[in-house]
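Here's the structure, in structure tokens; my notes come after.
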Protein chains: 2
Amino acid sequence: MYKIDAEVIENIAVGAALLGTGGGGDPYIGKMMALSAINEYGPARLVSPDEIDENAMYAPAAMMGAPSVLVEKFPKGDEFVRVFQKLEKYLGSEIKGVFPMEAGGVNSMIPIIVAAQLGLPLIDCDGMGRAFPELQMVTFHLNGVSSTPMAITDEKGNIGIIETVDNVWAERLARTATVEMGASTLISNYPSSGTELKRSGIANIVSLSEKLGRIIRSKEKDNQVKLQKVLDITGGYDLFTGKIVDVLRGTEGGFNRGKVIIEGLAEYTDEEVNVYIQNENLIALKNGHPLVLTPDLICLVDLETLTPVTTESLKYGKRVRLLALPCNKQWRSAKGIETVGPRYFGYDYDYDPVEELVRKERGQ
Amino acid sequence: MYKIDAEVIENIAVGAALLGTGGGGDPYIGKMMALSAINEYGPARLVSPDEIDENAMYAPAAMMGAPSVLVEKFPKGDEFVRVFQKLEKYLGSEIKGVFPMEAGGVNSMIPIIVAAQLGLPLIDCDGMGRAFPELQMVTFHLNGVSSTPMAITDEKGNIGIIETVDNVWAERLARTATVEMGASTLISNYPSSGTELKRSGIANIVSLSEKLGRIIRSKEKDNQVKLQKVLDITGGYDLFTGKIVDVLRGTEGGFNRGKVIIEGLAEYTDEEVNVYIQNENLIALKNGHPLVLTPDLICLVDLETLTPVTTESLKYGKRVRLLALPCNKQWRSAKGIETVGPRYFGYDYDYDPVEELVRKERGQ
């Protein structure tokens, strides 16, 4: 257990934005909301899944929709607790702790706000170990946990509860509601027992985010030293360096969709990487061939500072580094690949683990 | 109080289809479902709003969406009770009776099914005195009653509960869910106390439907005698007789929309009536001028049998009579006209009561 104070929040925001692979919301907005919450209610407590009550209920709280919209449709502040408490009331049993559903600038922060405001522990696990755009894309789903009952709300105060025949229907109904409510909503779903959290959750993701953020934010002057530390902790690869020369994007069906074209710099001169996006960076092609494929993590970071670049802040001329981190092994199962592999998103590639792609690329 | 047996159901189905002004669903399907319910569970009891407990809760059960879809997406049979009981559970207080939200071939029947299956009284009132396409178009709304909490379900078993900041938001969110669920759903909303039912409900609508249906179905050979009885009971007018020469229609945003063109016969030769439809018949123009305007009722009936013609069964060559019935006076208030008047639906006419339009037409 450790305290989530202002410094820890700054670290988590940056580290989670890295793991958010471009999605999960703007870390600046998320951070400001969380800082304001602990300022008012005092620090939150981070608790390891090892220490939780197996028979108690736990639930996440998260933003759903197009992260770019949040910038214009700023939350009122009461939505996070409202959606969480609505689910609790509907369940008819007390929820003993909150956890993030995914890593990301906003979605790592919302559970901190709920934890601070309600005095509940924040559980150090999530359901993705990264960010993904759809509700059934969580490790809980792979293990047969139901996404519903699920609560959904907007900043106006509209509330929905859904119970669906499967998790894909939960995604469909919540997505249409999200679009109608203005393309971003707050949700609480996958209510889970402590046992389920231990089995299906990806443990220690909050503390990993915190460590990564602390490295990236450190005063260390040598960028290579910081980079190496990040790669060591995550088992990741530094695969490309370049300048963004084009960004194509739109908001479609409640998602941000787009493509970013990066022209190589230095050792990568005359090479080009294209990253395809649906809220998150999903696949990266180098000169037309797979460089990294979902569910492995494609992280674009600022070339100079290593600060993660979220989808909303991609722009022409920005110089970036592409890091690839292997996903949690739960995603590499057959059901995992079926749920979040390249073909689910409509890309005509078989999944190949990043380690394999790197080995082939390097001709080893 | 009287018993709703098979004969009464046959009558209500026909009379409610007349008051349904083209919408509210196919009376044949509605009737078959209700007959099957009383066959299994025994007759339902119709109770006057005068006899209900003012402090108890009551709620309707209805179909939402495009009536034409119901023909292809036949209900399983458990949806009606499921949606009603879900609302009851969410409210946390027993619902002591069910009532129809509108008149119509299906929506007058669903509450009979719920009443029979749960052994609850069917209350002899509704919220429209006719049918209308949107959820806020009920007299309860005019009096400030909330449409939510509201339950919604589909034939697959997906369930939603919504609580909204106003009744227009309830319509928006339930409509998008309905479209996603396949263009027709079952709903239960406007949970109301007995006091509210007495104040806002349109009393005796089920028994009125029954009387109208009994007249239309009677063995009386002289059509004019039947017609006169219908007009006497409703204060209505027989305004046009003609042959359908064109039907334009589509399913759009979860509604059936269309226009029917009727060429005059007999005394109306060389005249043309156009009826504009959004699930229900909303306005009728004769030679380009208003003949009847929403919220007054535009009822198309078979020329020979007086059987109501619902939107789904409009077709080229059918010979019809157009009857106009004055709407319930609650609709003629300023808020009533704002909610369901011609301009709400995008027609560029000020509402003029049918009595006035007839007086002008007849040059009186």
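Chain identifiers are assigned as A, B, and so on, following the order in which chains appear in the structure tokens; residues are numbered from 1 within each chain, and ligands are numbered from 1 in order of appearance.
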Next on the checklist: Tell me as a PyMOL selection string which residues belonging to chain A come within 7 Å of chain B, counting only C-alpha atoms.
Outcome noted: chain A and resi 157-165+173+176-177+180
Checklist entry - Which residues, written as a ChimeraX atom specification, have at least one atom at most 7 Å from segment 260-272 of chain B, with only C-alpha atoms counted and residues fewer than 4 positions away on the same chain left out? => result /B:240-248,276,286-287
Next on the checklist: Could you list, as a list in words, every residue within 6 Å of Gly22 of chain A, counting only C-alpha atoms and ignoring same-chain residues fewer than 2 positions away?
Outcome noted: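 These residues fall inside the cut-off: Gly20, Glu280, Asn281, Thr310 and Thr311 of chain A.
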Write out the residues from the selection above, keeping N, CA and C atoms, as a PDB file, in the first residue's frame.
ATOM      1  N   GLY A  20      -0.872   3.863 -22.540  1.00  0.00           N
ATOM      2  CA  GLY A  20      -2.146   4.117 -23.219  1.00  0.00           C
ATOM      3  C   GLY A  20      -2.036   4.069 -24.737  1.00  0.00           C
ATOM      4  N   GLU A 280      -6.638   4.222 -29.973  1.00  0.00           N
ATOM      5  CA  GLU A 280      -5.270   3.802 -29.670  1.00  0.00           C
ATOM      6  C   GLU A 280      -4.499   3.505 -30.958  1.00  0.00           C
ATOM      7  N   ASN A 281      -3.169   3.508 -30.836  1.00  0.00           N
ATOM      8  CA  ASN A 281      -2.304   3.067 -31.940  1.00  0.00           C
ATOM      9  C   ASN A 281      -2.446   1.553 -32.055  1.00  0.00           C
ATOM     10  N   THR A 310      -0.084  11.598 -27.205  1.00  0.00           N
ATOM     11  CA  THR A 310      -1.408  10.990 -27.378  1.00  0.00           C
ATOM     12  C   THR A 310      -1.970  11.350 -28.747  1.00  0.00           C
ATOM     13  N   THR A 311      -2.950  10.581 -29.168  1.00  0.00           N
ATOM     14  CA  THR A 311      -3.547  10.750 -30.501  1.00  0.00           C
ATOM     15  C   THR A 311      -3.945  12.194 -30.773  1.00  0.00           C
TER      16      THR A 311
END
Item to check | Residue neighbourhood segment 95-112 of chain B, 6 Å, only C-alpha atoms, exclusion window fewer than 6 positions, as a list in words | outcome: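 Returned residues: Ala13, Ala16, Ala17, Leu19, Gly20, Gly24, Gly25, Asp26, Pro27, Gly30, Ala34, Met57, Tyr58, Ala59, Pro60, Ala61, Ala62, Leu120, Pro121, Leu122, Ile123, Asp126, Gly127, Met128, Arg130 and Ala131 of chain B.
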Item to check | Filtered DSSP result for segment 156-259 of chain A, state helix (DSSP H, G or I), as a PyMOL selection string | outcome: chain A and resi 167-180+194-200+205-217+223-234
Enumerate the residues of segment 245-325 of chain B with a DSSP assignment of strand (DSSP E), computed from the backbone, and present them as a CSV table (one decimal) with N, CA and C atoms, in the first residue's frame.
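Listed below is the output, states-v6.csv:
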chain,number,residue,atom,x,y,z
B,245,VAL,N,-53.6,6.0,-54.3
B,245,VAL,CA,-52.9,5.9,-55.6
B,245,VAL,C,-51.4,5.9,-55.5
B,246,ASP,N,-50.9,6.3,-54.3
B,246,ASP,CA,-49.5,6.2,-54.1
B,246,ASP,C,-49.1,6.1,-52.6
B,247,VAL,N,-48.1,5.3,-52.3
B,247,VAL,CA,-47.7,5.2,-50.9
B,247,VAL,C,-46.2,5.3,-50.9
B,248,LEU,N,-45.7,6.3,-50.3
B,248,LEU,CA,-44.2,6.5,-50.2
B,248,LEU,C,-43.8,6.2,-48.8
B,249,ARG,N,-42.9,5.3,-48.5
B,249,ARG,CA,-42.5,5.1,-47.1
B,249,ARG,C,-41.1,4.5,-47.0
B,250,GLY,N,-40.6,4.7,-45.7
B,250,GLY,CA,-39.3,4.2,-45.4
B,250,GLY,C,-39.2,4.0,-43.9
B,251,THR,N,-38.2,3.3,-43.4
B,251,THR,CA,-37.9,3.3,-42.0
B,251,THR,C,-36.7,4.1,-41.7
B,252,GLU,N,-36.8,5.1,-40.9
B,252,GLU,CA,-35.8,6.1,-40.7
B,252,GLU,C,-35.7,6.5,-39.3
B,255,PHE,N,-38.2,5.0,-37.0
B,255,PHE,CA,-39.7,5.3,-37.2
B,255,PHE,C,-40.0,4.8,-38.6
B,256,ASN,N,-41.3,4.6,-38.8
B,256,ASN,CA,-41.9,4.5,-40.2
B,256,ASN,C,-42.3,5.8,-40.6
B,257,ARG,N,-41.8,6.3,-41.7
B,257,ARG,CA,-42.2,7.6,-42.2
B,257,ARG,C,-42.7,7.4,-43.6
B,258,GLY,N,-43.7,8.3,-44.0
B,258,GLY,CA,-44.3,8.1,-45.3
B,258,GLY,C,-45.3,9.1,-45.6
B,259,LYS,N,-45.9,9.0,-46.8
B,259,LYS,CA,-46.9,9.9,-47.3
B,259,LYS,C,-47.8,9.0,-48.2
B,260,VAL,N,-49.1,9.2,-48.0
B,260,VAL,CA,-50.0,8.4,-48.8
B,260,VAL,C,-50.9,9.4,-49.6
B,261,ILE,N,-51.1,9.1,-50.9
B,261,ILE,CA,-51.9,10.0,-51.7
B,261,ILE,C,-53.2,9.3,-52.1
B,262,ILE,N,-54.3,10.0,-51.8
B,262,ILE,CA,-55.6,9.4,-52.0
B,262,ILE,C,-56.4,10.2,-53.0
B,263,GLU,N,-56.9,9.6,-54.0
B,263,GLU,CA,-57.7,10.3,-55.0
B,263,GLU,C,-59.2,10.1,-54.7
B,264,GLY,N,-59.9,11.2,-54.8
B,264,GLY,CA,-61.3,11.2,-54.3
B,264,GLY,C,-62.2,10.3,-55.2
B,272,GLU,N,-58.0,15.6,-54.1
B,272,GLU,CA,-56.9,14.7,-53.6
B,272,GLU,C,-56.5,15.0,-52.2
B,273,VAL,N,-56.3,13.9,-51.4
B,273,VAL,CA,-55.9,14.1,-50.0
B,273,VAL,C,-54.5,13.4,-49.9
B,274,ASN,N,-53.6,14.2,-49.2
B,274,ASN,CA,-52.3,13.6,-48.9
B,274,ASN,C,-52.2,13.5,-47.4
B,275,VAL,N,-51.8,12.3,-46.9
B,275,VAL,CA,-51.7,12.1,-45.5
B,275,VAL,C,-50.2,11.8,-45.2
B,276,TYR,N,-49.6,12.6,-44.2
B,276,TYR,CA,-48.2,12.5,-43.9
B,276,TYR,C,-48.1,11.7,-42.6
B,277,ILE,N,-47.1,10.8,-42.6
B,277,ILE,CA,-47.0,9.8,-41.5
B,277,ILE,C,-45.7,9.8,-40.8
B,278,GLN,N,-45.6,9.7,-39.5
B,278,GLN,CA,-44.4,9.3,-38.8
B,278,GLN,C,-45.0,8.3,-37.8
B,280,GLU,N,-47.6,7.3,-37.0
B,280,GLU,CA,-49.0,7.7,-37.1
B,280,GLU,C,-49.3,8.6,-38.2
B,281,ASN,N,-50.6,8.7,-38.6
B,281,ASN,CA,-51.1,9.7,-39.5
B,281,ASN,C,-51.0,11.1,-38.8
B,282,LEU,N,-50.3,12.0,-39.3
B,282,LEU,CA,-50.1,13.3,-38.6
B,282,LEU,C,-50.8,14.5,-39.1
B,283,ILE,N,-50.7,14.6,-40.5
B,283,ILE,CA,-51.6,15.7,-41.0
B,283,ILE,C,-52.2,15.2,-42.3
B,284,ALA,N,-53.3,15.8,-42.7
B,284,ALA,CA,-54.0,15.4,-43.9
B,284,ALA,C,-54.2,16.8,-44.6
B,285,LEU,N,-53.8,16.8,-45.9
B,285,LEU,CA,-54.0,18.0,-46.7
B,285,LEU,C,-55.0,17.6,-47.8
B,286,LYS,N,-56.0,18.5,-48.1
B,286,LYS,CA,-56.9,18.2,-49.2
B,286,LYS,C,-56.7,19.3,-50.2
B,289,HIS,N,-54.5,22.0,-48.9
B,289,HIS,CA,-54.9,22.8,-47.7
B,289,HIS,C,-55.2,21.9,-46.5
B,290,PRO,N,-54.9,22.3,-45.3
B,290,PRO,CA,-55.1,21.5,-44.2
B,290,PRO,C,-56.6,21.0,-44.1
B,291,LEU,N,-56.7,19.7,-43.9
B,291,LEU,CA,-58.0,19.1,-43.7
B,291,LEU,C,-58.1,18.7,-42.2
B,292,VAL,N,-57.1,18.0,-41.7
B,292,VAL,CA,-57.0,17.7,-40.3
B,292,VAL,C,-55.5,17.8,-39.9
B,293,LEU,N,-55.2,18.3,-38.7
B,293,LEU,CA,-53.9,18.5,-38.2
B,293,LEU,C,-53.7,17.8,-36.9
B,297,LEU,N,-57.2,13.4,-34.5
B,297,LEU,CA,-57.0,12.1,-35.0
B,297,LEU,C,-57.4,11.9,-36.5
B,298,ILE,N,-56.5,11.4,-37.3
B,298,ILE,CA,-56.7,11.1,-38.7
B,298,ILE,C,-56.8,9.6,-38.8
B,299,CYS,N,-58.0,9.1,-39.1
B,299,CYS,CA,-58.2,7.6,-39.1
B,299,CYS,C,-58.6,7.2,-40.5
B,300,LEU,N,-57.8,6.4,-41.1
B,300,LEU,CA,-58.2,5.8,-42.4
B,300,LEU,C,-58.8,4.4,-42.1
B,301,VAL,N,-60.0,4.3,-42.7
B,301,VAL,CA,-60.7,3.0,-42.5
B,301,VAL,C,-61.1,2.4,-43.9
B,302,ASP,N,-61.3,1.1,-43.9
B,302,ASP,CA,-61.7,0.5,-45.2
B,302,ASP,C,-63.1,1.0,-45.5
B,319,ARG,N,-59.4,1.2,-51.2
B,319,ARG,CA,-60.4,2.3,-51.1
B,319,ARG,C,-60.7,2.6,-49.6
B,320,VAL,N,-60.5,3.8,-49.2
B,320,VAL,CA,-60.6,4.2,-47.8
B,320,VAL,C,-61.5,5.4,-47.6
B,321,ARG,N,-61.9,5.5,-46.3
B,321,ARG,CA,-62.6,6.6,-45.8
B,321,ARG,C,-61.7,7.3,-44.8
B,322,LEU,N,-61.7,8.6,-44.8
B,322,LEU,CA,-60.9,9.4,-43.8
B,322,LEU,C,-61.8,9.9,-42.8
B,323,LEU,N,-61.7,9.5,-41.6
B,323,LEU,CA,-62.4,10.0,-40.4
B,323,LEU,C,-61.5,10.9,-39.6
B,324,ALA,N,-62.1,12.0,-39.1
B,324,ALA,CA,-61.3,12.9,-38.2
B,324,ALA,C,-62.0,12.9,-36.8
B,325,LEU,N,-61.2,12.7,-35.8
B,325,LEU,CA,-61.8,12.7,-34.4
B,325,LEU,C,-61.0,13.8,-33.6
